[in-house]
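One file, input.tsv, carrying TSV, C-alpha atoms:
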```tsv
chain	number	residue	atom	x	y	z
R	1	GLN	CA	12.36	1.64	-8.22
R	2	ALA	CA	14.94	4.45	-8.12
R	3	ILE	CA	12.73	6.43	-5.71
R	4	LEU	CA	12.39	3.42	-3.42
R	5	LEU	CA	16.15	2.89	-3.39
R	6	ASP	CA	16.92	6.57	-2.88
R	7	GLY	CA	14.47	6.82	0.04
R	8	ASN	CA	14.00	10.61	-0.18
R	9	ASP	CA	10.93	11.61	1.85
R	10	GLU	CA	9.48	13.88	-0.88
R	11	GLY	CA	9.97	11.26	-3.58
R	12	LEU	CA	8.40	8.59	-1.38
R	13	LEU	CA	5.47	10.91	-0.63
R	14	ASP	CA	4.83	11.53	-4.33
R	15	LEU	CA	5.09	7.84	-5.18
R	16	GLY	CA	2.83	6.88	-2.29
R	17	LEU	CA	0.21	9.36	-3.49
R	18	CYS	CA	0.41	7.87	-6.99
R	19	TYR	CA	-0.53	4.47	-5.58
R	20	LEU	CA	-3.27	5.94	-3.38
R	21	HIS	CA	-4.90	7.74	-6.30
R	22	GLY	CA	-3.98	5.31	-9.09
R	23	GLU	CA	-2.09	7.98	-11.00
R	24	GLY	CA	0.32	6.39	-13.50
R	25	VAL	CA	0.16	3.08	-11.64
R	26	PRO	CA	-2.68	0.72	-10.67
R	27	GLN	CA	-4.36	1.93	-7.48
R	28	ASP	CA	-2.97	-0.07	-4.56
R	29	TYR	CA	-3.70	1.23	-1.06
R	30	ARG	CA	-1.52	-1.37	0.63
R	31	LYS	CA	1.52	-0.46	-1.45
R	32	GLY	CA	0.73	3.19	-1.00
R	33	PHE	CA	0.70	2.67	2.77
R	34	GLU	CA	4.02	0.80	2.74
R	35	ILE	CA	5.68	3.63	0.79
R	36	MET	CA	3.96	6.47	2.67
R	37	ILE	CA	5.06	5.26	6.09
R	38	ARG	CA	8.70	5.45	4.99
R	39	SER	CA	8.23	9.13	4.15
R	40	ALA	CA	6.27	9.76	7.35
R	41	LYS	CA	8.97	8.19	9.51
R	42	GLN	CA	11.42	10.70	8.05
R	43	GLY	CA	9.24	13.50	9.42
R	44	ASN	CA	7.35	14.53	6.27
R	45	SER	CA	4.21	16.27	7.62
R	46	MET	CA	2.08	15.66	4.54
R	47	ALA	CA	2.98	11.97	4.64
R	48	ARG	CA	2.05	11.91	8.32
R	49	TYR	CA	-1.33	13.44	7.46
R	50	ASN	CA	-1.86	10.75	4.83
R	51	MET	CA	-0.95	8.07	7.37
R	52	GLY	CA	-3.64	9.46	9.64
R	53	TRP	CA	-6.14	9.43	6.79
R	54	MET	CA	-5.33	5.81	5.91
R	55	TYR	CA	-5.67	4.63	9.50
R	56	GLN	CA	-8.88	6.64	9.94
R	57	ASN	CA	-10.48	5.17	6.83
R	58	GLY	CA	-8.90	1.71	6.79
R	59	ARG	CA	-7.16	2.22	3.44
R	60	GLY	CA	-4.13	-0.04	2.99
R	61	VAL	CA	-4.15	-0.88	6.69
R	62	LYS	CA	-6.62	-2.00	9.34
R	63	LYS	CA	-8.72	0.90	10.63
R	64	ASP	CA	-7.29	2.21	13.89
R	65	LEU	CA	-8.54	5.53	15.26
R	66	ASN	CA	-5.83	5.75	17.91
R	67	GLN	CA	-3.16	5.44	15.24
R	68	ALA	CA	-5.04	7.96	13.10
R	69	LEU	CA	-5.00	10.47	15.96
R	70	ARG	CA	-1.32	9.79	16.57
R	71	TRP	CA	-0.32	10.45	12.97
R	72	TYR	CA	-2.59	13.47	12.65
R	73	GLU	CA	-0.96	14.95	15.75
R	74	LEU	CA	2.49	14.38	14.26
R	75	GLY	CA	1.37	16.07	11.03
R	76	ALA	CA	-0.26	18.96	12.91
R	77	GLY	CA	2.93	19.35	14.93
R	78	GLY	CA	4.69	19.95	11.63
R	79	TYR	CA	2.14	22.68	10.86
R	80	TYR	CA	0.35	20.77	8.12
R	81	LEU	CA	-3.12	22.36	8.13
R	82	LYS	CA	-5.10	19.37	6.87
R	83	ALA	CA	-3.66	17.29	9.71
R	84	PHE	CA	-4.90	19.91	12.18
R	85	THR	CA	-8.39	20.06	10.67
R	86	ASN	CA	-8.78	16.28	10.55
R	87	LEU	CA	-7.36	15.91	14.05
R	88	THR	CA	-9.75	18.40	15.61
R	89	ALA	CA	-12.70	16.99	13.66
R	90	MET	CA	-11.89	13.50	14.98
R	91	CYS	CA	-11.50	14.83	18.53
R	92	TYR	CA	-14.91	16.50	18.24
R	93	GLU	CA	-16.56	13.27	17.08
R	94	LEU	CA	-14.84	11.27	19.83
R	95	LYS	CA	-15.62	13.98	22.42
R	96	ASP	CA	-11.92	14.31	23.16
R	97	TYR	CA	-12.46	17.99	23.90
R	98	LYS	CA	-9.28	18.59	25.91
R	99	ARG	CA	-7.05	17.59	22.99
R	100	MET	CA	-9.33	19.42	20.53
R	101	ILE	CA	-9.16	22.73	22.40
R	102	SER	CA	-5.42	22.41	23.07
R	103	TRP	CA	-4.60	22.03	19.37
R	104	THR	CA	-7.05	24.76	18.38
R	105	GLU	CA	-5.41	27.20	20.79
R	106	ARG	CA	-1.98	26.30	19.38
R	107	TYR	CA	-3.12	27.15	15.87
R	108	ILE	CA	-4.89	30.34	17.03
R	109	ALA	CA	-1.53	31.45	18.44
R	110	MET	CA	-0.21	31.11	14.87
R	111	GLU	CA	-3.12	33.26	13.58
R	112	GLU	CA	-4.54	30.35	11.56
R	113	PRO	CA	-8.01	31.34	10.22
R	114	LYS	CA	-9.46	27.82	10.45
R	115	ALA	CA	-8.55	27.69	14.14
R	116	PHE	CA	-10.44	30.95	14.78
R	117	PHE	CA	-13.40	29.48	12.88
R	118	ARG	CA	-13.38	26.27	14.88
R	119	MET	CA	-13.06	28.02	18.22
R	120	GLY	CA	-15.99	30.23	17.27
R	121	CYS	CA	-18.12	27.16	16.56
R	122	TYR	CA	-17.03	25.49	19.82
R	123	LEU	CA	-17.96	28.58	21.84
R	124	ILE	CA	-21.36	28.95	20.18
R	125	GLU	CA	-22.13	25.27	20.78
R	126	GLY	CA	-20.40	24.94	24.13
R	127	ALA	CA	-18.24	22.05	22.94
R	128	GLY	CA	-15.23	21.63	25.22
R	129	VAL	CA	-15.59	25.22	26.46
R	130	GLU	CA	-18.23	27.21	28.31
R	131	LYS	CA	-20.92	28.32	25.88
R	132	ASP	CA	-20.47	31.96	24.93
R	133	VAL	CA	-22.29	33.00	21.76
R	134	GLU	CA	-21.03	36.59	21.79
R	135	LYS	CA	-17.39	35.50	22.09
R	136	GLY	CA	-17.99	32.80	19.48
R	137	MET	CA	-19.25	35.40	17.04
R	138	GLU	CA	-16.08	37.43	17.63
R	139	TYR	CA	-13.94	34.44	16.69
R	140	LEU	CA	-16.03	33.77	13.58
R	141	LYS	CA	-15.72	37.40	12.50
R	142	LYS	CA	-11.93	37.28	13.00
R	143	ALA	CA	-11.79	34.16	10.84
R	144	ALA	CA	-13.95	35.85	8.19
R	145	GLU	CA	-11.66	38.89	8.21
R	146	LYS	CA	-8.85	36.46	7.40
R	147	ASP	CA	-10.85	35.13	4.42
R	148	GLU	CA	-11.83	31.80	5.97
R	149	PRO	CA	-14.71	30.64	3.72
R	150	MET	CA	-16.38	28.39	6.31
R	151	ALA	CA	-16.54	31.31	8.75
R	152	HIS	CA	-18.40	33.40	6.18
R	153	SER	CA	-20.70	30.46	5.50
R	154	GLU	CA	-21.47	29.96	9.20
R	155	LEU	CA	-22.04	33.68	9.75
R	156	SER	CA	-24.45	33.66	6.82
R	157	ARG	CA	-26.38	30.80	8.42
R	158	LEU	CA	-26.46	32.45	11.85
R	159	TYR	CA	-27.73	35.76	10.47
R	160	ALA	CA	-30.31	33.92	8.35
R	161	VAL	CA	-31.84	31.97	11.24
R	162	GLY	CA	-31.17	34.49	14.00
R	163	GLU	CA	-29.12	32.11	16.11
R	164	GLY	CA	-27.36	34.15	18.78
R	165	VAL	CA	-27.87	37.32	16.72
R	166	GLU	CA	-30.79	39.22	15.27
R	167	CYS	CA	-31.93	38.04	11.85
R	168	ASP	CA	-30.32	40.17	9.17
R	169	GLU	CA	-30.92	39.19	5.55
R	170	GLN	CA	-28.40	41.69	4.19
R	171	LYS	CA	-25.58	40.44	6.42
R	172	SER	CA	-26.55	36.84	5.69
R	173	TYR	CA	-26.41	37.42	1.94
R	174	TYR	CA	-23.14	39.35	2.20
R	175	HIS	CA	-21.42	36.51	4.03
R	176	LEU	CA	-22.92	33.96	1.64
R	177	ARG	CA	-21.44	35.81	-1.35
R	178	GLU	CA	-18.08	36.10	0.39
R	179	ALA	CA	-18.06	32.37	1.19
R	180	ALA	CA	-18.89	31.57	-2.44
R	181	ARG	CA	-16.17	33.96	-3.64
R	182	LEU	CA	-13.74	31.98	-1.52
R	183	ARG	CA	-15.08	28.75	-3.08
R	184	ASP	CA	-16.87	27.22	-0.11
R	185	PRO	CA	-18.87	24.46	-1.88
R	186	ASN	CA	-21.94	24.73	0.36
R	187	ALA	CA	-22.12	28.47	-0.24
R	188	GLU	CA	-21.55	28.08	-3.99
R	189	PHE	CA	-24.38	25.55	-4.25
R	190	LEU	CA	-26.80	27.65	-2.18
R	191	LEU	CA	-25.98	30.90	-3.99
R	192	GLY	CA	-26.22	29.13	-7.34
R	193	GLN	CA	-29.77	28.04	-6.51
R	194	ILE	CA	-30.67	31.55	-5.34
R	195	VAL	CA	-29.53	33.23	-8.58
R	196	TRP	CA	-30.69	30.39	-10.90
R	197	ASP	CA	-33.74	32.24	-12.22
R	198	THR	CA	-31.98	35.57	-12.73
R	199	ASN	CA	-28.48	34.60	-13.87
R	200	GLN	CA	-28.32	30.98	-14.97
R	201	ARG	CA	-24.82	31.25	-16.40
R	202	THR	CA	-23.40	32.38	-13.05
R	203	ALA	CA	-25.51	29.80	-11.25
R	204	ILE	CA	-24.14	26.93	-13.35
R	205	SER	CA	-20.57	28.12	-12.82
R	206	LEU	CA	-21.06	28.23	-9.05
R	207	ILE	CA	-22.76	24.84	-8.87
R	208	GLN	CA	-20.21	23.18	-11.13
R	209	ASP	CA	-17.38	24.43	-8.95
R	210	ALA	CA	-19.17	23.04	-5.88
R	211	ALA	CA	-19.62	19.74	-7.71
R	212	SER	CA	-15.90	19.63	-8.53
R	213	GLN	CA	-15.32	19.62	-4.75
R	214	TRP	CA	-17.51	16.53	-4.33
R	215	HIS	CA	-20.60	18.43	-3.14
R	216	MET	CA	-23.20	15.72	-3.69
R	217	GLY	CA	-26.16	18.10	-3.75
R	218	ALA	CA	-24.49	20.09	-6.51
R	219	ARG	CA	-23.67	16.95	-8.47
R	220	SER	CA	-27.27	15.68	-8.22
R	221	PHE	CA	-28.56	19.13	-9.24
R	222	LEU	CA	-26.47	19.07	-12.43
R	223	ILE	CA	-27.35	15.45	-13.26
R	224	ASP	CA	-31.08	16.11	-12.81
R	225	ARG	CA	-30.87	18.95	-15.34
R	226	GLY	CA	-28.71	17.11	-17.85
R	227	LEU	CA	-25.76	19.43	-17.27
R	228	PRO	CA	-22.15	18.18	-17.47
R	229	LEU	CA	-20.31	17.19	-14.32
R	230	PRO	CA	-16.89	18.83	-13.90
R	231	PRO	CA	-13.72	16.87	-13.07
R	232	THR	CA	-13.31	16.35	-9.36
R	233	ARG	CA	-10.26	17.26	-7.35
R	234	ALA	CA	-8.42	14.78	-5.10
R	235	ASP	CA	-8.21	15.86	-1.47
R	236	SER	CA	-5.15	13.96	-0.15
```

For the structure just supplied, provide its representation as structure tokens.
Amino acid sequence: QAILLDGNDEGLLDLGLCYLHGEGVPQDYRKGFEIMIRSAKQGNSMARYNMGWMYQNGRGVKKDLNQALRWYELGAGGYYLKAFTNLTAMCYELKDYKRMISWTERYIAMEEPKAFFRMGCYLIEGAGVEKDVEKGMEYLKKAAEKDEPMAHSELSRLYAVGEGVECDEQKSYYHLREAARLRDPNAEFLLGQIVWDTNQRTAISLIQDAASQWHMGARSFLIDRGLPLPPTRADS
């Protein structure tokens, strides 16, 4: 009650998250929305991201993709990275390539690794830009140099299948290990399966960490073998 009366954006954000996740209070998306919007209207970028997430998923409010995009843009404008990643992912799905590329270029200008990764993927696919595999690889390598785990994971895949580059098992495995080191869940699960027969202890550790990030393949793998599931981590 004191937080609601005080109206501080950080306090409202924390309280809104408690209602969204059911932490210390009964889970109530509608109440969480009502509190979160007060924080968001004060300019809190994380609250704005959460507003986008609620509108995108219809949690506590009627699903509205236009409102989701609006709030994600406000959050991304405040340099909240999750708002940027969700915004560009939505733009990709909706084929709103102009907005997607514009925001990606803004974050590249800030040397954001995820923006380099996304631009690399867009160039390799030809999504919103002219297809250019060689230039796309350059962007992916820049992202990997900045320790972006998904860039390492994608480079591993490209070297494994020979897409746009010559097949190179050594480079593929190197980037897979780097992605797993940086806790990319897909890489952890794949590497865990690869080393299962030779180093089961390491394999279980990798797969459990992937499972803690809601990787469903990793969770099924552990369940099928009667191994304990780790606690999962909330993403909002």

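Our summary of the geometry notes that atom CA of R:Asp132 is positioned 24.4 Å from atom CA of R:Tyr173.
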
Can you build me a table of stretch 120-207 of chain R residues sitting at most 12 Å from stretch 216-226 of chain R, with the closest atom pair per residue and its distance in Å to one decimal, using only C-alpha atoms, sorted by chain and residue number, as a Markdown table?
```
| residue | atom | partner | partner_atom | distance |
| --- | --- | --- | --- | --- |
| R:Pro185 | CA | R:Ala218 | CA | 8.5 |
| R:Asn186 | CA | R:Ala218 | CA | 8.7 |
| R:Ala187 | CA | R:Ala218 | CA | 10.7 |
| R:Glu188 | CA | R:Ala218 | CA | 8.9 |
| R:Phe189 | CA | R:Ala218 | CA | 5.9 |
| R:Leu190 | CA | R:Ala218 | CA | 9.0 |
| R:Leu191 | CA | R:Ala218 | CA | 11.2 |
| R:Gly192 | CA | R:Ala218 | CA | 9.2 |
| R:Gln193 | CA | R:Phe221 | CA | 9.4 |
| R:Trp196 | CA | R:Phe221 | CA | 11.6 |
| R:Ala203 | CA | R:Leu222 | CA | 10.8 |
| R:Ile204 | CA | R:Leu222 | CA | 8.2 |
| R:Ser205 | CA | R:Leu222 | CA | 10.8 |
| R:Leu206 | CA | R:Ala218 | CA | 9.2 |
| R:Ile207 | CA | R:Ala218 | CA | 5.6 |
```

Could those selected residues go to a file with C-alpha atoms, as a tab-separated table (two decimals), keeping the file's coordinate frame?
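Wrote it out as selection02.tsv, contents follow:
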```tsv
chain	number	residue	atom	x	y	z
R	185	PRO	CA	-18.87	24.46	-1.88
R	186	ASN	CA	-21.94	24.73	0.36
R	187	ALA	CA	-22.12	28.47	-0.24
R	188	GLU	CA	-21.55	28.08	-3.99
R	189	PHE	CA	-24.38	25.55	-4.25
R	190	LEU	CA	-26.80	27.65	-2.18
R	191	LEU	CA	-25.98	30.90	-3.99
R	192	GLY	CA	-26.22	29.13	-7.34
R	193	GLN	CA	-29.77	28.04	-6.51
R	196	TRP	CA	-30.69	30.39	-10.90
R	203	ALA	CA	-25.51	29.80	-11.25
R	204	ILE	CA	-24.14	26.93	-13.35
R	205	SER	CA	-20.57	28.12	-12.82
R	206	LEU	CA	-21.06	28.23	-9.05
R	207	ILE	CA	-22.76	24.84	-8.87
```

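Distance check against R:Lys41 using only C-alpha atoms: of R:Leu20, R:Val25, R:Leu12, R:Ile108, the minimum falls on R:Leu12.
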
Residues within 12 Å of R:Gly77, all atoms listed in the file, excluding chain neighbours under 5 positions, as number ranges by chain: R: 43-46, 48-49, 69-72, 82-84, 87, 103-104, 106-107

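You will find atom CA of R:Pro26 at 28.5 Å from atom CA of R:Gln208.
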
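Among the candidates R:Gly128, R:Arg181, R:Gly7, R:Cys121, the one nearest to R:Glu154 when counting all atoms listed in the file is R:Cys121.
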
One-decimal distance in Å that lies between atom CA of R:Leu140 and atom CA of R:Phe116: 6.4 Å
